[in-house]
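Heads up, structure32.cif below (mmCIF, C-alpha atoms and all ligand atoms):
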data_query
#
loop_
_atom_site.label_atom_id
_atom_site.label_comp_id
_atom_site.auth_asym_id
_atom_site.auth_seq_id
_atom_site.Cartn_x
_atom_site.Cartn_y
_atom_site.Cartn_z
CA THR A 1 0.00 0.00 0.00
CA ALA A 2 1.04 3.58 -0.60
CA ARG A 3 2.62 5.78 2.03
CA ARG A 4 0.03 7.67 4.03
CA VAL A 5 0.19 11.29 5.11
CA VAL A 6 -2.13 11.75 8.08
CA PHE A 7 -3.30 15.13 9.36
CA SER A 8 -5.55 16.00 12.29
CA GLY A 9 -6.04 19.08 14.46
CA ILE A 10 -7.56 20.13 17.76
CA GLN A 11 -8.45 23.58 19.04
CA PRO A 12 -6.67 24.99 22.08
CA THR A 13 -9.78 25.83 24.04
CA GLY A 14 -9.11 24.36 27.49
CA VAL A 15 -8.10 21.02 28.96
CA PRO A 16 -9.57 18.21 26.81
CA HIS A 17 -12.47 16.24 28.28
CA LEU A 18 -13.22 12.52 28.20
CA GLY A 19 -15.25 12.95 24.97
CA ASN A 20 -12.31 14.61 23.19
CA TYR A 21 -10.03 11.85 24.43
CA LEU A 22 -12.18 8.81 23.62
CA GLY A 23 -13.60 10.34 20.43
CA ALA A 24 -10.46 11.87 18.95
CA LEU A 25 -7.13 12.00 20.82
CA SER A 26 -6.91 8.32 21.77
CA ASN A 27 -7.29 7.54 18.07
CA TRP A 28 -4.26 9.67 17.28
CA VAL A 29 -2.18 7.67 19.73
CA LYS A 30 -3.50 4.44 18.26
CA LEU A 31 -2.69 5.64 14.75
CA GLN A 32 0.84 6.48 15.84
CA ARG A 33 1.20 2.97 17.26
CA THR A 34 -0.17 1.18 14.20
CA ALA A 35 1.17 3.37 11.37
CA ALA A 36 3.63 1.92 8.87
CA PRO A 37 7.18 3.26 9.34
CA GLU A 38 6.96 5.25 6.10
CA ASP A 39 3.69 6.97 7.07
CA GLU A 40 3.94 10.64 7.98
CA LEU A 41 1.79 11.90 10.87
CA PHE A 42 0.90 15.56 11.51
CA PHE A 43 -0.97 16.58 14.66
CA SER A 44 -1.70 20.26 15.00
CA ILE A 45 -2.95 22.57 17.74
CA VAL A 46 -5.11 24.86 15.64
CA GLY A 47 -4.95 28.26 17.31
CA TRP A 48 -6.26 30.18 14.30
CA HIS A 49 -9.45 28.12 14.37
CA ALA A 50 -9.96 29.07 18.01
CA LEU A 51 -10.05 32.75 17.02
CA THR A 52 -13.38 32.28 15.25
CA LEU A 53 -14.88 32.61 18.75
CA PRO A 54 -13.89 35.31 21.26
CA GLN A 55 -10.80 34.21 23.24
CA GLU A 56 -9.22 35.85 26.24
CA PRO A 57 -5.50 36.25 25.27
CA THR A 58 -4.05 35.05 28.59
CA SER A 59 -6.19 31.93 28.69
CA LEU A 60 -5.60 31.21 24.99
CA ALA A 61 -1.84 31.29 25.60
CA LYS A 62 -2.28 28.95 28.57
CA SER A 63 -4.54 26.60 26.61
CA ARG A 64 -2.07 26.40 23.72
CA ARG A 65 0.77 25.43 26.08
CA GLU A 66 -1.34 23.03 28.12
CA LEU A 67 -2.76 21.29 25.06
CA LEU A 68 0.75 20.61 23.81
CA ALA A 69 1.60 19.15 27.23
CA THR A 70 -1.59 17.05 27.05
CA LEU A 71 -0.75 15.64 23.61
CA LEU A 72 2.66 14.56 24.88
CA ALA A 73 1.17 13.25 28.13
CA ILE A 74 -1.27 10.92 26.36
CA GLY A 75 1.58 9.37 24.40
CA LEU A 76 2.11 11.29 21.17
CA ASP A 77 5.82 11.09 20.46
CA PRO A 78 7.40 14.22 18.94
CA LYS A 79 10.15 12.06 17.42
CA ARG A 80 7.64 9.96 15.52
CA SER A 81 4.85 12.46 14.81
CA VAL A 82 5.03 16.09 13.77
CA ILE A 83 3.32 17.90 16.67
CA PHE A 84 3.04 21.63 16.15
CA HIS A 85 1.11 24.86 16.51
CA GLN A 86 -0.82 25.74 13.35
CA ASP A 87 -0.13 29.43 13.98
CA HIS A 88 3.63 28.82 13.77
CA ASN A 89 3.28 27.91 10.12
CA GLN A 90 2.14 30.75 7.86
CA SER A 91 1.57 28.32 4.96
CA HIS A 92 -1.82 27.48 6.46
CA THR A 93 -3.13 31.05 6.12
CA GLU A 94 -1.52 31.60 2.72
CA LEU A 95 -3.08 28.44 1.32
CA ALA A 96 -6.40 29.23 3.01
CA TRP A 97 -6.49 32.57 1.19
CA ILE A 98 -5.76 30.92 -2.15
CA LEU A 99 -8.45 28.29 -1.54
CA ASN A 100 -10.92 31.00 -0.47
CA CYS A 101 -10.50 32.43 -3.95
CA ILE A 102 -11.72 29.19 -5.56
CA THR A 103 -14.50 28.49 -3.02
CA PRO A 104 -18.07 29.27 -4.09
CA ILE A 105 -19.86 31.19 -1.32
CA GLY A 106 -22.90 28.99 -1.88
CA LYS A 107 -20.95 25.93 -0.79
CA LEU A 108 -20.00 27.56 2.50
CA ARG A 109 -23.62 28.57 3.08
CA ARG A 110 -24.60 24.91 2.82
CA MET A 111 -22.24 23.82 5.63
CA THR A 112 -24.36 22.52 8.49
CA THR A 113 -21.92 24.06 10.98
CA TRP A 114 -22.58 27.48 9.43
CA LYS A 115 -26.32 26.85 9.30
CA SER A 116 -26.37 26.01 13.00
CA ARG A 117 -24.44 29.22 13.73
CA LEU A 118 -27.03 31.14 11.75
CA ALA A 119 -29.83 29.37 13.60
CA THR A 120 -28.51 30.73 16.90
CA SER A 121 -28.58 34.25 15.53
CA ARG A 122 -32.16 34.16 14.25
CA ASN A 123 -34.30 37.13 15.00
CA ALA A 124 -36.49 36.25 18.01
CA ASN A 125 -39.55 37.93 16.49
CA ASP A 126 -39.17 36.71 12.93
CA GLU A 127 -37.74 33.18 12.55
CA SER A 128 -36.94 33.68 8.89
CA GLU A 129 -34.85 36.75 9.66
CA VAL A 130 -31.18 35.96 10.23
CA ASP A 131 -28.79 38.49 11.67
CA GLU A 132 -25.45 37.78 9.94
CA SER A 133 -24.01 41.00 11.32
CA MET A 134 -23.43 39.17 14.61
CA LEU A 135 -21.20 36.53 12.96
CA ASN A 136 -17.61 37.03 11.83
CA ALA A 137 -16.26 36.09 8.41
CA GLY A 138 -13.76 33.68 10.00
CA LEU A 139 -16.61 31.45 11.15
CA PHE A 140 -17.91 31.41 7.59
CA THR A 141 -14.63 30.40 5.93
CA TYR A 142 -13.45 28.16 8.79
CA PRO A 143 -13.88 24.99 6.64
CA VAL A 144 -11.54 26.51 4.03
CA LEU A 145 -8.81 27.03 6.63
CA GLN A 146 -9.40 23.42 7.65
CA ALA A 147 -8.93 22.34 4.02
CA ALA A 148 -5.68 24.34 3.89
CA ASP A 149 -4.47 22.62 7.10
CA ILE A 150 -4.94 19.26 5.42
CA LEU A 151 -3.73 20.11 1.91
CA ALA A 152 -0.60 22.02 2.98
CA TYR A 153 0.93 18.61 3.75
CA ARG A 154 -0.69 16.93 0.73
CA SER A 155 -2.38 14.70 3.29
CA THR A 156 -4.02 11.48 2.20
CA HIS A 157 -5.85 10.52 5.40
CA VAL A 158 -7.73 12.55 8.01
CA PRO A 159 -8.87 10.91 11.25
CA VAL A 160 -11.91 12.95 12.33
CA GLY A 161 -15.39 12.25 13.62
CA GLU A 162 -18.59 12.03 11.57
CA ASP A 163 -19.35 15.66 12.43
CA GLN A 164 -16.49 16.57 10.08
CA THR A 165 -17.58 14.57 7.01
CA GLN A 166 -19.08 17.57 5.22
CA HIS A 167 -15.97 19.67 5.82
CA LEU A 168 -13.78 16.91 4.43
CA GLU A 169 -15.99 16.69 1.32
CA LEU A 170 -15.42 20.41 0.80
CA CYS A 171 -11.68 19.81 1.22
CA ARG A 172 -11.77 17.13 -1.49
CA ASP A 173 -13.79 19.44 -3.76
CA LEU A 174 -11.24 22.23 -3.33
CA ALA A 175 -8.32 19.88 -3.94
CA ASP A 176 -10.00 18.64 -7.11
CA THR A 177 -10.88 22.15 -8.30
CA PHE A 178 -7.28 23.28 -7.75
CA ASN A 179 -5.90 20.22 -9.55
CA ARG A 180 -8.17 20.79 -12.57
CA THR A 181 -7.87 24.58 -12.71
CA PHE A 182 -4.10 24.75 -12.30
CA LYS A 183 -3.21 21.71 -14.37
CA SER A 184 0.22 20.29 -14.78
CA SER A 185 1.68 16.89 -15.65
CA SER A 186 0.34 15.49 -12.36
CA PRO A 187 -2.35 16.62 -9.91
CA LEU A 188 -0.81 18.41 -6.93
CA PHE A 189 -3.26 17.42 -4.21
CA PRO A 190 -4.36 13.90 -3.30
CA LEU A 191 -8.07 13.72 -2.44
CA PRO A 192 -7.86 12.93 1.29
CA SER A 193 -10.10 10.29 2.82
CA GLN A 194 -11.64 10.21 6.25
CA ILE A 195 -10.22 7.47 8.43
CA ASN A 196 -12.99 5.67 10.21
CA THR A 197 -11.56 5.47 13.64
CA THR A 198 -13.86 4.33 16.43
CA SER A 199 -16.73 6.79 16.08
CA ARG A 200 -17.64 6.97 19.74
CA ARG A 201 -19.89 9.71 20.96
CA ILE A 202 -19.62 10.34 24.69
CA LEU A 203 -22.66 12.05 26.20
CA SER A 204 -23.00 14.72 28.87
CA LEU A 205 -23.13 13.20 32.36
CA LYS A 206 -25.90 15.62 33.36
CA ASP A 207 -27.94 15.73 30.14
CA PRO A 208 -27.54 12.50 28.15
CA SER A 209 -29.56 13.96 25.28
CA SER A 210 -26.51 16.02 24.30
CA LYS A 211 -22.84 15.19 23.80
CA MET A 212 -20.19 15.84 26.42
CA SER A 213 -18.87 19.28 25.47
CA LYS A 214 -16.67 22.01 26.83
CA SER A 215 -19.35 24.52 25.89
CA SER A 216 -21.73 23.30 28.62
CA PRO A 217 -21.66 25.65 31.64
CA ASP A 218 -22.26 22.66 33.95
CA LEU A 219 -18.81 21.49 35.05
CA GLN A 220 -20.33 18.27 36.45
CA SER A 221 -21.33 17.27 32.90
CA ARG A 222 -17.79 16.41 31.81
CA ILE A 223 -14.65 14.72 33.09
CA LEU A 224 -11.41 16.53 32.32
CA LEU A 225 -8.17 14.68 31.65
CA THR A 226 -6.76 16.57 34.65
CA ASP A 227 -9.52 15.51 37.08
CA THR A 228 -8.45 13.71 40.27
CA GLY A 229 -9.77 10.27 41.24
CA ALA A 230 -12.12 11.93 43.75
CA GLN A 231 -13.50 14.34 41.12
CA ILE A 232 -14.04 11.48 38.67
CA GLN A 233 -15.88 9.47 41.35
CA SER A 234 -18.15 12.31 42.34
CA LYS A 235 -19.01 13.22 38.74
CA ILE A 236 -19.76 9.61 37.75
CA ARG A 237 -21.75 9.00 40.94
CA ALA A 238 -23.93 12.05 40.11
CA ALA A 239 -24.33 11.05 36.44
CA VAL A 240 -27.95 11.07 35.26
CA THR A 241 -29.20 7.54 34.47
CA ASP A 242 -32.71 6.07 34.84
CA SER A 243 -34.84 4.14 37.32
CA ILE A 244 -35.15 0.98 35.23
CA ALA A 245 -33.98 -2.09 37.17
CA GLY A 246 -30.80 -3.80 36.01
CA ILE A 247 -28.31 -2.68 33.39
CA SER A 248 -28.77 -2.93 29.62
CA TYR A 249 -27.36 -1.21 26.56
CA ASP A 250 -30.16 0.73 24.86
CA PRO A 251 -28.95 4.15 23.65
CA ILE A 252 -32.48 5.32 22.73
CA ALA A 253 -34.45 4.30 25.81
CA ARG A 254 -31.55 4.44 28.29
CA PRO A 255 -29.03 7.07 27.05
CA GLY A 256 -27.46 7.80 30.45
CA THR A 257 -26.96 4.14 31.39
CA SER A 258 -25.74 3.29 27.88
CA ASN A 259 -23.29 6.19 27.99
CA LEU A 260 -21.71 4.72 31.13
CA LEU A 261 -21.40 1.35 29.37
CA THR A 262 -19.83 3.07 26.34
CA ILE A 263 -17.28 4.80 28.57
CA LEU A 264 -16.45 1.57 30.41
CA ALA A 265 -16.08 -0.41 27.18
CA ALA A 266 -13.82 2.29 25.76
CA CYS A 267 -11.63 2.32 28.88
CA THR A 268 -11.22 -1.45 28.94
CA ASP A 269 -11.13 -1.79 25.13
CA GLU A 270 -14.01 -4.27 25.10
CA ASP A 271 -17.15 -4.66 23.06
CA VAL A 272 -19.99 -2.70 24.66
CA ALA A 273 -22.32 -5.70 24.32
CA ASP A 274 -19.93 -7.86 26.34
CA VAL A 275 -19.72 -5.24 29.06
CA ALA A 276 -23.51 -4.85 29.16
CA LYS A 277 -23.90 -8.61 29.53
CA ARG A 278 -21.60 -8.63 32.55
CA TYR A 279 -23.75 -6.04 34.37
CA GLU A 280 -27.15 -7.46 33.38
CA GLY A 281 -28.37 -8.30 36.88
CA LYS A 282 -26.50 -5.51 38.66
CA GLY A 283 -27.47 -2.00 39.77
CA HIS A 284 -26.37 1.48 38.75
CA GLY A 285 -24.28 1.92 41.91
CA HIS A 286 -22.16 -1.07 41.01
CA LEU A 287 -21.74 0.06 37.38
CA LYS A 288 -20.87 3.62 38.38
CA ALA A 289 -18.19 2.50 40.84
CA ASP A 290 -16.57 0.37 38.12
CA VAL A 291 -16.80 3.14 35.49
CA ALA A 292 -15.13 5.63 37.85
CA ALA A 293 -12.36 3.13 38.63
CA ALA A 294 -11.80 2.37 34.94
CA VAL A 295 -11.65 6.05 33.96
CA GLU A 296 -9.21 6.74 36.81
CA GLU A 297 -7.06 3.78 35.74
CA MET A 298 -7.02 5.06 32.16
CA ILE A 299 -6.18 8.70 32.84
CA LYS A 300 -3.95 8.53 35.92
CA GLY A 301 -0.78 7.98 33.87
CA PRO A 302 -1.46 10.82 31.39
CA ARG A 303 -2.60 13.08 34.27
CA ALA A 304 0.66 12.59 36.19
CA GLU A 305 2.68 13.11 33.03
CA PHE A 306 0.71 16.28 32.26
CA GLU A 307 1.32 17.67 35.77
CA LYS A 308 5.04 17.10 35.26
CA LEU A 309 5.20 18.49 31.71
CA ARG A 310 3.05 21.59 32.16
CA HIS A 311 5.83 23.30 34.12
CA GLU A 312 8.60 22.29 31.71
CA THR A 313 8.25 25.43 29.63
CA ALA A 314 11.66 25.24 27.96
CA TYR A 315 11.06 21.64 26.87
CA LEU A 316 7.57 22.44 25.56
CA ASP A 317 8.91 25.44 23.62
CA GLN A 318 11.60 23.25 22.09
CA VAL A 319 9.08 20.57 21.04
CA ALA A 320 6.87 23.27 19.48
CA LYS A 321 9.83 24.79 17.65
CA ASP A 322 11.04 21.44 16.29
CA GLY A 323 7.51 20.51 15.26
CA ALA A 324 6.99 23.82 13.45
CA GLU A 325 10.28 23.38 11.57
CA ARG A 326 9.35 19.90 10.39
CA ALA A 327 5.86 21.06 9.43
CA MET A 328 7.19 24.05 7.49
CA GLU A 329 9.76 21.98 5.67
CA ARG A 330 6.93 19.82 4.34
CA SER A 331 4.44 22.61 3.58
CA ASP A 332 7.09 24.84 1.97
CA ARG A 333 7.49 22.18 -0.70
CA THR A 334 3.74 22.22 -1.34
CA MET A 335 3.52 26.01 -1.39
CA LYS A 336 6.39 26.36 -3.84
CA VAL A 337 4.41 24.33 -6.38
CA VAL A 338 1.14 26.09 -5.50
CA ARG A 339 2.67 29.51 -6.20
CA GLU A 340 4.27 28.33 -9.45
CA ARG A 341 1.00 26.94 -10.75
CA LEU A 342 -0.84 30.15 -9.85
CA GLY A 343 1.76 32.37 -11.50
CA LEU A 344 2.84 33.99 -8.23
P1 LIG B 401 -16.27 20.38 22.18
O1 LIG B 401 -17.59 19.87 21.66
O2 LIG B 401 -16.04 20.01 23.59
O3 LIG B 401 -16.13 21.84 21.88
P2 LIG B 401 -14.54 20.01 19.91
O4 LIG B 401 -15.66 20.39 19.01
O5 LIG B 401 -13.42 21.00 20.11
O6 LIG B 401 -15.14 19.62 21.35
O7 LIG B 401 -13.97 18.63 19.41
C1 LIG B 401 -12.62 18.24 19.41
C2 LIG B 401 -12.57 16.79 18.95
O8 LIG B 401 -13.17 15.96 19.95
C3 LIG B 401 -13.32 16.52 17.65
O9 LIG B 401 -12.60 15.55 16.89
C4 LIG B 401 -14.65 15.94 18.11
O10 LIG B 401 -15.21 15.07 17.14
C5 LIG B 401 -14.25 15.21 19.38
N1 LIG B 401 -15.34 15.22 20.38
C6 LIG B 401 -15.81 16.32 21.03
N2 LIG B 401 -16.78 16.00 21.89
C7 LIG B 401 -16.95 14.65 21.80
C8 LIG B 401 -17.80 13.71 22.45
N3 LIG B 401 -18.67 14.09 23.38
N4 LIG B 401 -17.69 12.41 22.11
C9 LIG B 401 -16.80 12.01 21.17
N5 LIG B 401 -15.95 12.83 20.53
C10 LIG B 401 -16.02 14.15 20.82
NA NA B 402 -17.36 22.24 19.55
#

Encoded form (structure tokens):
Amino acid sequence: TARRVVFSGIQPTGVPHLGNYLGALSNWVKLQRTAAPEDELFFSIVGWHALTLPQEPTSLAKSRRELLATLLAIGLDPKRSVIFHQDHNQSHTELAWILNCITPIGKLRRMTTWKSRLATSRNANDESEVDESMLNAGLFTYPVLQAADILAYRSTHVPVGEDQTQHLELCRDLADTFNRTFKSSSPLFPLPSQINTTSRRILSLKDPSSKMSKSSPDLQSRILLTDTGAQIQSKIRAAVTDSIAGISYDPIARPGTSNLLTILAACTDEDVADVAKRYEGKGHGHLKADVAAAVEEMIKGPRAEFEKLRHETAYLDQVAKDGAERAMERSDRTMKVVRERLGL
């Protein structure tokens, strides 16, 4: 099989939660472990994406540093993978601008992420009236920057969740449009495919009708990778479940209970059906105690490593610098060809 170039990114918007870890970051570590020696892996902390929402400068700086420490703490190896800050590599914004100039506005308007942003800014009195003046242009062209992130490395594979499928289709469209518009002996950009990693969706511990998310104001709704054993226990113990006797996996009728089973199965790397079977005749108290113990067992190593690394500023700066250099070396090669084909 051909050599793969893998790219994925995560926004520096606070300490990652269990959903980010089980749904995204743990897959990166797994990819690193299973990749062929010739595969190239790029993992980026995407600071420019974070700017599409208001950020407090001091906490953004802290989040950027702490997210790098987190990525190392969970087992990403800067010798094997290219781990870097997006905003250290100007190729991303240069390519994003170029891609913006071949992106039909209509396509961006059809992005469900944009439509849901618009929905939140609907006029309260007239549902059909949308107030775009409240939204910034960065939010609108965000998927184009994402395409640039991927294409700058001529990536072939992108491990992201189902919520990103539409953005990746746009990325493929833009790659194809560029290849056809600025023709040469060979197409410049591969059309990257989504890697179907385990598509787990972890739900809020307080409202199992929604996903676990950092945007919820209820801090009890999510477990952070920095939480102590006691915090994990108290959050899991207070998790919303149901009053049905026994334990069974039924995401529709029993979302809270099923979410706990999903978390446990993910921690122990088992099939959720097997886990459910084991708890059939047991109660929620029993299940919750075991879930808390399994989560603690899974994150205690990374948590200790994070606590150590977060203070090693000089080391973190060096990792970021090395990562940026390796990233730029790769994207500079792409951009040289991009500029030539455009006549720049
Ligand atoms: P949040 O919803 O907390 O703002 P992001 O949107 O920044 O999280 O997502 C970062 C990554 O984590 C994405 O790859 C996303 O698919 C994944 N992710 C976020 N929340 C969850 C969740 N509850 N379950 C599974 N994966 C998730
Ligand atoms: Na989000």

Skipping near chain neighbours, those fewer than 3 positions away, what residues fall within 12 Å of region 165-170 of chain A using only C-alpha atoms, listed as a ChimeraX atom specification? /A:7-8,99-100,102-114,141-151,155-162,173-177,191-196,199

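Compared by their closest atoms to Gly23 (chain A), and using all atoms listed in the file, the residues A:Gly281, A:Arg326, A:Cys267, A:Thr334 rank with A:Cys267 nearest.
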
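In terms of minimum interatomic distance to ligand NA 402 (chain B), A:Ser213 ranks closest within A:Ser248, A:Ser213, A:Ser184, A:Thr58, counting only C-alpha atoms and all ligand atoms.
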
Show me a table, sorted first by chain and then by increasing residue number, of the residues of chain A having an atom at most 12 Å from ligand NA 402 (chain B), each with its shortest atom pair and the distance in Å to one decimal, counting all atoms listed in the file and written as JSON lines.
{"residue": "A:Ile10", "atom": "CA", "partner": "B:NA402", "partner_atom": "NA", "distance": 10.2}
{"residue": "A:Gln11", "atom": "CA", "partner": "B:NA402", "partner_atom": "NA", "distance": 9.0}
{"residue": "A:Pro12", "atom": "CA", "partner": "B:NA402", "partner_atom": "NA", "distance": 11.3}
{"residue": "A:Thr13", "atom": "CA", "partner": "B:NA402", "partner_atom": "NA", "distance": 9.5}
{"residue": "A:Gly14", "atom": "CA", "partner": "B:NA402", "partner_atom": "NA", "distance": 11.6}
{"residue": "A:Pro16", "atom": "CA", "partner": "B:NA402", "partner_atom": "NA", "distance": 11.4}
{"residue": "A:His17", "atom": "CA", "partner": "B:NA402", "partner_atom": "NA", "distance": 11.7}
{"residue": "A:Gly19", "atom": "CA", "partner": "B:NA402", "partner_atom": "NA", "distance": 11.0}
{"residue": "A:Asn20", "atom": "CA", "partner": "B:NA402", "partner_atom": "NA", "distance": 9.8}
{"residue": "A:His49", "atom": "CA", "partner": "B:NA402", "partner_atom": "NA", "distance": 11.1}
{"residue": "A:Ala50", "atom": "CA", "partner": "B:NA402", "partner_atom": "NA", "distance": 10.2}
{"residue": "A:Thr52", "atom": "CA", "partner": "B:NA402", "partner_atom": "NA", "distance": 11.6}
{"residue": "A:Leu53", "atom": "CA", "partner": "B:NA402", "partner_atom": "NA", "distance": 10.7}
{"residue": "A:Thr113", "atom": "CA", "partner": "B:NA402", "partner_atom": "NA", "distance": 9.9}
{"residue": "A:Ser116", "atom": "CA", "partner": "B:NA402", "partner_atom": "NA", "distance": 11.8}
{"residue": "A:Arg117", "atom": "CA", "partner": "B:NA402", "partner_atom": "NA", "distance": 11.5}
{"residue": "A:Gly161", "atom": "CA", "partner": "B:NA402", "partner_atom": "NA", "distance": 11.8}
{"residue": "A:Asp163", "atom": "CA", "partner": "B:NA402", "partner_atom": "NA", "distance": 9.9}
{"residue": "A:Gln164", "atom": "CA", "partner": "B:NA402", "partner_atom": "NA", "distance": 11.1}
{"residue": "A:Lys211", "atom": "CA", "partner": "B:NA402", "partner_atom": "NA", "distance": 9.9}
{"residue": "A:Met212", "atom": "CA", "partner": "B:NA402", "partner_atom": "NA", "distance": 9.8}
{"residue": "A:Ser213", "atom": "CA", "partner": "B:NA402", "partner_atom": "NA", "distance": 6.8}
{"residue": "A:Lys214", "atom": "CA", "partner": "B:NA402", "partner_atom": "NA", "distance": 7.3}
{"residue": "A:Ser215", "atom": "CA", "partner": "B:NA402", "partner_atom": "NA", "distance": 7.0}
{"residue": "A:Ser216", "atom": "CA", "partner": "B:NA402", "partner_atom": "NA", "distance": 10.1}

If you count all atoms listed in the file, which residues fall within 10 Å of Tyr21 (chain A), apart from same-chain ones fewer than 6 positions away, as a list in words? Asn27, Trp28, Ile74, Ile202, Leu224, Leu225 and Ile299 of chain A

Please define a box with edges along x, y and z of the file around all atoms of ligand LIG 401 (chain B) given in the file, extend it by 4 Å on each side, and return its centre and edge lengths in Å to one decimal, as AutoDock Vina command-line options.
--center_x -15.6 --center_y 16.9 --center_z 20.2 --size_x 14.1 --size_y 17.8 --size_z 14.7

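Across A:Arg172, A:Cys101, A:Arg201, A:Ala239, the tightest approach to Leu219 (chain A) is made by A:Ala239 when counting all atoms listed in the file.
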
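Using only C-alpha atoms, the shortest contact distance between Arg80 (chain A) and any of A:Gly323, A:Tyr315, A:Ala289, A:Leu344 is found at A:Gly323.
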
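Comparing A:Ala35, A:Val46, A:Ala119, A:Val5 by their smallest distance to ligand LIG 401 (chain B), the closest is A:Val46 (using only C-alpha atoms and all ligand atoms).
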
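Using only C-alpha atoms for every distance, the candidate list A:Trp97, A:Pro54, A:Arg200, A:Leu41 yields A:Pro54 as the residue closest to Asn136 (chain A).
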
Tell me, as a PyMOL selection string, which residues lie within 12 Å of Ala69 (chain A), counting all atoms listed in the file; anything in the same chain fewer than 4 positions away does not count. chain A and resi 12+14-16+45+62-65+73-78+83-84+225-226+302-320

How would you write as a PyMOL selection string the residues that get within 10 Å of (-17.4, -0.6, 36.9) in the file's frame, counting only C-alpha atoms? chain A and resi 260-261+263-265+275+279+284-295

For CA of Ile236 (chain A) and atom C6 of ligand LIG 401 (chain B), quote the distance in Å rounded to one decimal. 18.4 Å

Residues at most 12 Å from Lys336 (chain A), counting all atoms listed in the file, excluding those fewer than 4 positions away in the same chain, as JSON, numbers by chain? {"A": [91, 94, 95, 152, 188, 328, 329, 330, 331, 332, 340, 341, 342, 343, 344]}

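Pairwise distance (CA of Val338 (chain A), CA of Pro187 (chain A)) equals 11.0 Å.
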
What does the distance from CA of Ser133 (chain A) to CA of Asp87 (chain A) come to in Å, to one decimal? 26.7 Å

Completed region 283-297 of chain A (N, CA and C atoms) as an mmCIF file, in the frame of the given file:
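Wrote it out as selection.cif, contents follow:
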data_model
loop_
_atom_site.group_PDB
_atom_site.id
_atom_site.type_symbol
_atom_site.label_atom_id
_atom_site.label_comp_id
_atom_site.auth_asym_id
_atom_site.auth_seq_id
_atom_site.Cartn_x
_atom_site.Cartn_y
_atom_site.Cartn_z
ATOM 1 N N GLY A 283 -26.841 -3.325 39.645
ATOM 2 C CA GLY A 283 -27.470 -2.000 39.770
ATOM 3 C C GLY A 283 -26.558 -0.887 39.291
ATOM 4 N N HIS A 284 -27.135 0.326 39.225
ATOM 5 C CA HIS A 284 -26.370 1.480 38.750
ATOM 6 C C HIS A 284 -25.186 1.816 39.650
ATOM 7 N N GLY A 285 -25.364 1.611 40.971
ATOM 8 C CA GLY A 285 -24.280 1.920 41.910
ATOM 9 C C GLY A 285 -23.034 1.119 41.595
ATOM 10 N N HIS A 286 -23.245 -0.158 41.348
ATOM 11 C CA HIS A 286 -22.160 -1.070 41.010
ATOM 12 C C HIS A 286 -21.467 -0.628 39.710
ATOM 13 N N LEU A 287 -22.290 -0.363 38.678
ATOM 14 C CA LEU A 287 -21.740 0.060 37.380
ATOM 15 C C LEU A 287 -20.946 1.355 37.534
ATOM 16 N N LYS A 288 -21.532 2.319 38.242
ATOM 17 C CA LYS A 288 -20.870 3.620 38.380
ATOM 18 C C LYS A 288 -19.515 3.506 39.077
ATOM 19 N N ALA A 289 -19.458 2.677 40.121
ATOM 20 C CA ALA A 289 -18.190 2.500 40.840
ATOM 21 C C ALA A 289 -17.131 1.945 39.884
ATOM 22 N N ASP A 290 -17.525 0.980 39.049
ATOM 23 C CA ASP A 290 -16.570 0.370 38.120
ATOM 24 C C ASP A 290 -16.167 1.337 37.000
ATOM 25 N N VAL A 291 -17.119 2.160 36.536
ATOM 26 C CA VAL A 291 -16.800 3.140 35.490
ATOM 27 C C VAL A 291 -15.784 4.148 36.035
ATOM 28 N N ALA A 292 -16.054 4.653 37.248
ATOM 29 C CA ALA A 292 -15.130 5.630 37.850
ATOM 30 C C ALA A 292 -13.734 5.035 37.996
ATOM 31 N N ALA A 293 -13.668 3.781 38.454
ATOM 32 C CA ALA A 293 -12.360 3.130 38.630
ATOM 33 C C ALA A 293 -11.649 2.953 37.289
ATOM 34 N N ALA A 294 -12.406 2.597 36.258
ATOM 35 C CA ALA A 294 -11.800 2.370 34.940
ATOM 36 C C ALA A 294 -11.296 3.684 34.326
ATOM 37 N N VAL A 295 -12.076 4.752 34.496
ATOM 38 C CA VAL A 295 -11.650 6.050 33.960
ATOM 39 C C VAL A 295 -10.377 6.499 34.690
ATOM 40 N N GLU A 296 -10.396 6.357 36.017
ATOM 41 C CA GLU A 296 -9.210 6.740 36.810
ATOM 42 C C GLU A 296 -7.989 5.935 36.363
ATOM 43 N N GLU A 297 -8.165 4.642 36.168
ATOM 44 C CA GLU A 297 -7.060 3.780 35.740
ATOM 45 C C GLU A 297 -6.511 4.242 34.389
#
